[in-house]
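**Q** After the structure tokens below, expect a handful of questions from me.
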Amino acid sequence: MSMTSSTALKASVQLFGEEKILTVSELSRAIKQEIEKNFATVKLRGEVSGLKVHTSGHTYLSLKDSDSVINAICWRGTKVGFPLEDGLEVVVKGKVTSYPARSQYQFIIEEANIAGEGALLKLLNERRKHYASLGYFEKKQAIPRFPRIIGIITSRTGAVLQDMNHRLEDRYPFCHVMIWPVNVQGIESAEQVSRAIRGFNFMIEKRPDVLIVARGGGSIEDLWPFNEEAVVKAVFDSKIPVISAIGHETDTTLIDYAADLRAPTPTAAIELATPVLADVKLQLSGDAVRMRSLIGRIVKETTMMMESSVKRLRSSMHMICALNQRFDDSIERLFVAIENFIQKEFLLLKSRKLINLESYITNKQCGYEVITRSFSRIMKNFITIQGDKLTVLSNRLDQGSFKKILSKGFCFITDTCGAIISTKTDFDTKKVSNLVIHFQDGTTNIR
């Protein structure tokens, strides 16, 4: 304790009189008053140790350096722009007080900042390695080329949102924009941004095709909420592609690694998410010219192929006619040859004077009659068996026929083309005037 505080404490004790005996509580109150009077506003630098968040919301910790340790308290509701962590070197502002119940002095934290940019960068690098080990930076989704709805997560105030809207009107004016306003700086920022990302993903109707998380430039402390795990994991879990547009081109946050695409600035995010309407029209015009040229070339080539095919067909017709003529000549020669052969064989048979020709023919006729009767009997049995099978199958088919069902009072519906309407959805999608009801004894149209 300083000389000033010691003198003040002696003076305080003298107030009770040199001979007065103090109680412990009286002495504790005197010490507490003197400490709070002389150390009402103090800035302190140290390393966070033994961090513990109570269920009440108060945070208890120690601040230490190489030689000393002091207990500290951060009351619930105290605005701290970053989460306190063990091992983090901080500069805090507050007051010194005492805790009489334990005869301890302690530091009440009213403001806190990370001690220097170097410490922040070290913490940022450690978090980047940790999130990478969890796989938060691995998943990447394609950004749709022609988004219908863009969801923007940013502050409602400021120039960022206005610049993005102006850029969108210049490039892609008919795209619908949904804005989810959040704080982009401060202790509540990380929770609000992560809640906005999840909120867009929970939408069913008018769900955005792409999300843009944006804010303007700032110091590493200002951009720190976008290094929090809540934001990084929300981007990783998002089913909607996310474009990160935090700060300027030189600013880097951990959301940039988790996002599906990083934009150097918020207006650049609009350019990455949307095409230029004029370029699209120019491309469509060029595609139309190329398509007309291609169709013309296809028609020309097809016409030439058809003309060539017609020529080959005509040539083939001539060949077919010639072949027909040759076939007719061959048939005539065949008939002449057959007639000559028959006459030659008849003369040869007559010359042999076959006496038993008549008996030979009679025997052959008898054999033929026997074969004919046997074949007739076999065919009759075969027809009888097949007829029985056909009768059985016909009975089965008749039992399964829809006409049997119709005879019981049922009916079915088709369209005018004969397609059966089997579900309510089919019925609702057809015009009533195009539907036909089938009964047992006929059909009728629905009017």
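Residue numbers start at 1 in each chain; chains themselves are named A, B, ... in the order of the structure tokens; ligands are numbered from 1 in the order shown.
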So which residues of region 84-333 of chain A fall under alpha helix (DSSP H) by DSSP, listed as number ranges by chain?
**A** A: 117-133, 159-171, 189-202, 229-237, 254-258, 266-273, 277-333
**Q** Ranking A:Gly217, A:Gly77, A:Pro225, A:Pro275 by minimum distance to Asp170 (chain A) and counting only C-alpha atoms, which one comes first?
**A**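 Among the listed residues, the smallest separation from Asp170 (chain A) belongs to A:Pro275.
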**Q** Near Lys37 (chain A), counting only C-alpha atoms, which residues have an atom at most 10 Å away, once you skip same-chain residues fewer than 3 positions from it, shown as a PDB file with N, CA and C atoms, in the first residue's frame?
**A**
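New file selection.pdb:
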ATOM      1  N   SER A   5      -1.946   6.171   1.273  1.00  0.00           N
ATOM      2  CA  SER A   5      -3.030   5.357   1.809  1.00  0.00           C
ATOM      3  C   SER A   5      -2.773   4.959   3.255  1.00  0.00           C
ATOM      4  N   ALA A   8      -3.573   7.900   5.405  1.00  0.00           N
ATOM      5  CA  ALA A   8      -5.033   8.056   5.477  1.00  0.00           C
ATOM      6  C   ALA A   8      -5.641   7.042   6.431  1.00  0.00           C
ATOM      7  N   ILE A  31     -11.021   0.379   6.175  1.00  0.00           N
ATOM      8  CA  ILE A  31     -10.076   0.001   5.103  1.00  0.00           C
ATOM      9  C   ILE A  31     -10.756   0.084   3.730  1.00  0.00           C
ATOM     10  N   LYS A  32     -12.003  -0.408   3.647  1.00  0.00           N
ATOM     11  CA  LYS A  32     -12.743  -0.398   2.383  1.00  0.00           C
ATOM     12  C   LYS A  32     -12.945   1.026   1.885  1.00  0.00           C
ATOM     13  N   GLN A  33     -13.309   1.939   2.797  1.00  0.00           N
ATOM     14  CA  GLN A  33     -13.535   3.332   2.395  1.00  0.00           C
ATOM     15  C   GLN A  33     -12.260   3.981   1.885  1.00  0.00           C
ATOM     16  N   GLU A  34     -11.155   3.724   2.586  1.00  0.00           N
ATOM     17  CA  GLU A  34      -9.899   4.336   2.187  1.00  0.00           C
ATOM     18  C   GLU A  34      -9.413   3.779   0.838  1.00  0.00           C
ATOM     19  N   ALA A  40     -10.219   4.848  -6.885  1.00  0.00           N
ATOM     20  CA  ALA A  40     -11.561   4.855  -7.500  1.00  0.00           C
ATOM     21  C   ALA A  40     -11.509   4.561  -8.993  1.00  0.00           C
ATOM     22  N   THR A  41     -10.449   5.012  -9.662  1.00  0.00           N
ATOM     23  CA  THR A  41     -10.290   4.744 -11.096  1.00  0.00           C
ATOM     24  C   THR A  41      -8.853   4.299 -11.356  1.00  0.00           C
ATOM     25  N   LYS A  95     -12.082  -0.108 -10.503  1.00  0.00           N
ATOM     26  CA  LYS A  95     -11.740   0.400  -9.176  1.00  0.00           C
ATOM     27  C   LYS A  95     -11.347  -0.753  -8.276  1.00  0.00           C
ATOM     28  N   VAL A  96     -10.552  -0.380  -7.239  1.00  0.00           N
ATOM     29  CA  VAL A  96     -10.124  -1.361  -6.253  1.00  0.00           C
ATOM     30  C   VAL A  96     -11.047  -1.250  -5.053  1.00  0.00           C
ATOM     31  N   THR A  97     -11.474  -2.385  -4.539  1.00  0.00           N
ATOM     32  CA  THR A  97     -12.305  -2.421  -3.345  1.00  0.00           C
ATOM     33  C   THR A  97     -11.864  -3.595  -2.497  1.00  0.00           C
TER      34      THR A  97
END
**Q** From the list A:Glu229, A:Asp328, A:Asp237, A:Glu345, which residue is nearest Ile197 (chain A) when using only C-alpha atoms?
**A** A:Asp237
**Q** For the strand (DSSP E) assignment from backbone DSSP, which residues of region 215-424 of chain A qualify? Please present them as a list of chain:residue names.
**A**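 Filtering region 215-424 of chain A to strand (DSSP E) leaves A:Arg215, A:Val242, A:Ile243, A:Ser244, A:Ala245, A:Ile246, A:Leu261, A:Arg262, A:Phe412, A:Ile413, A:Thr414, A:Asp415.
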**Q** Please indicate the distance in Å from CA of Thr265 (chain A) to CA of Pro83 (chain A), rounded to one decimal place.
**A**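 Taking CA of Thr265 (chain A) and CA of Pro83 (chain A), their separation equals 26.5 Å.
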**Q** Could you check which of A:Arg262, A:Gln192, A:Ala273, A:Ile405 is closest to Val210 (chain A), using only C-alpha atoms?
**A**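 Checking each candidate against Val210 (chain A), we get A:Ala273 as the closest.
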**Q** For Gly186 (chain A), which of A:Thr78, A:Gly135, A:Leu88, A:Val160 is the closest residue, counting only C-alpha atoms?
**A**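 Selected residue with least distance to Gly186 (chain A): A:Thr78.
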**Q** Between CA of Leu261 (chain A) and CA of Gly286 (chain A), measure the distance and give it in Å to one decimal.
**A**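 Computed distance, CA of Leu261 (chain A) to CA of Gly286 (chain A), equals 29.5 Å.
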**Q** Pick the closest to Glu221 (chain A) from A:Thr267, A:Ala322, A:Leu123, A:Gln343: which is it, counting only C-alpha atoms?
**A**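 Nearest candidate to Glu221 (chain A) out of A:Thr267, A:Ala322, A:Leu123, A:Gln343: A:Leu123.
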**Q** So which residues touch Glu110 (chain A) within 8 Å, counting only C-alpha atoms, skipping near sequence neighbours fewer than 5 positions away, as a list in words?
**A**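 That gives Cys74, Thr78, Lys79, Val92, Lys93, Gly94 and Lys95 of chain A.
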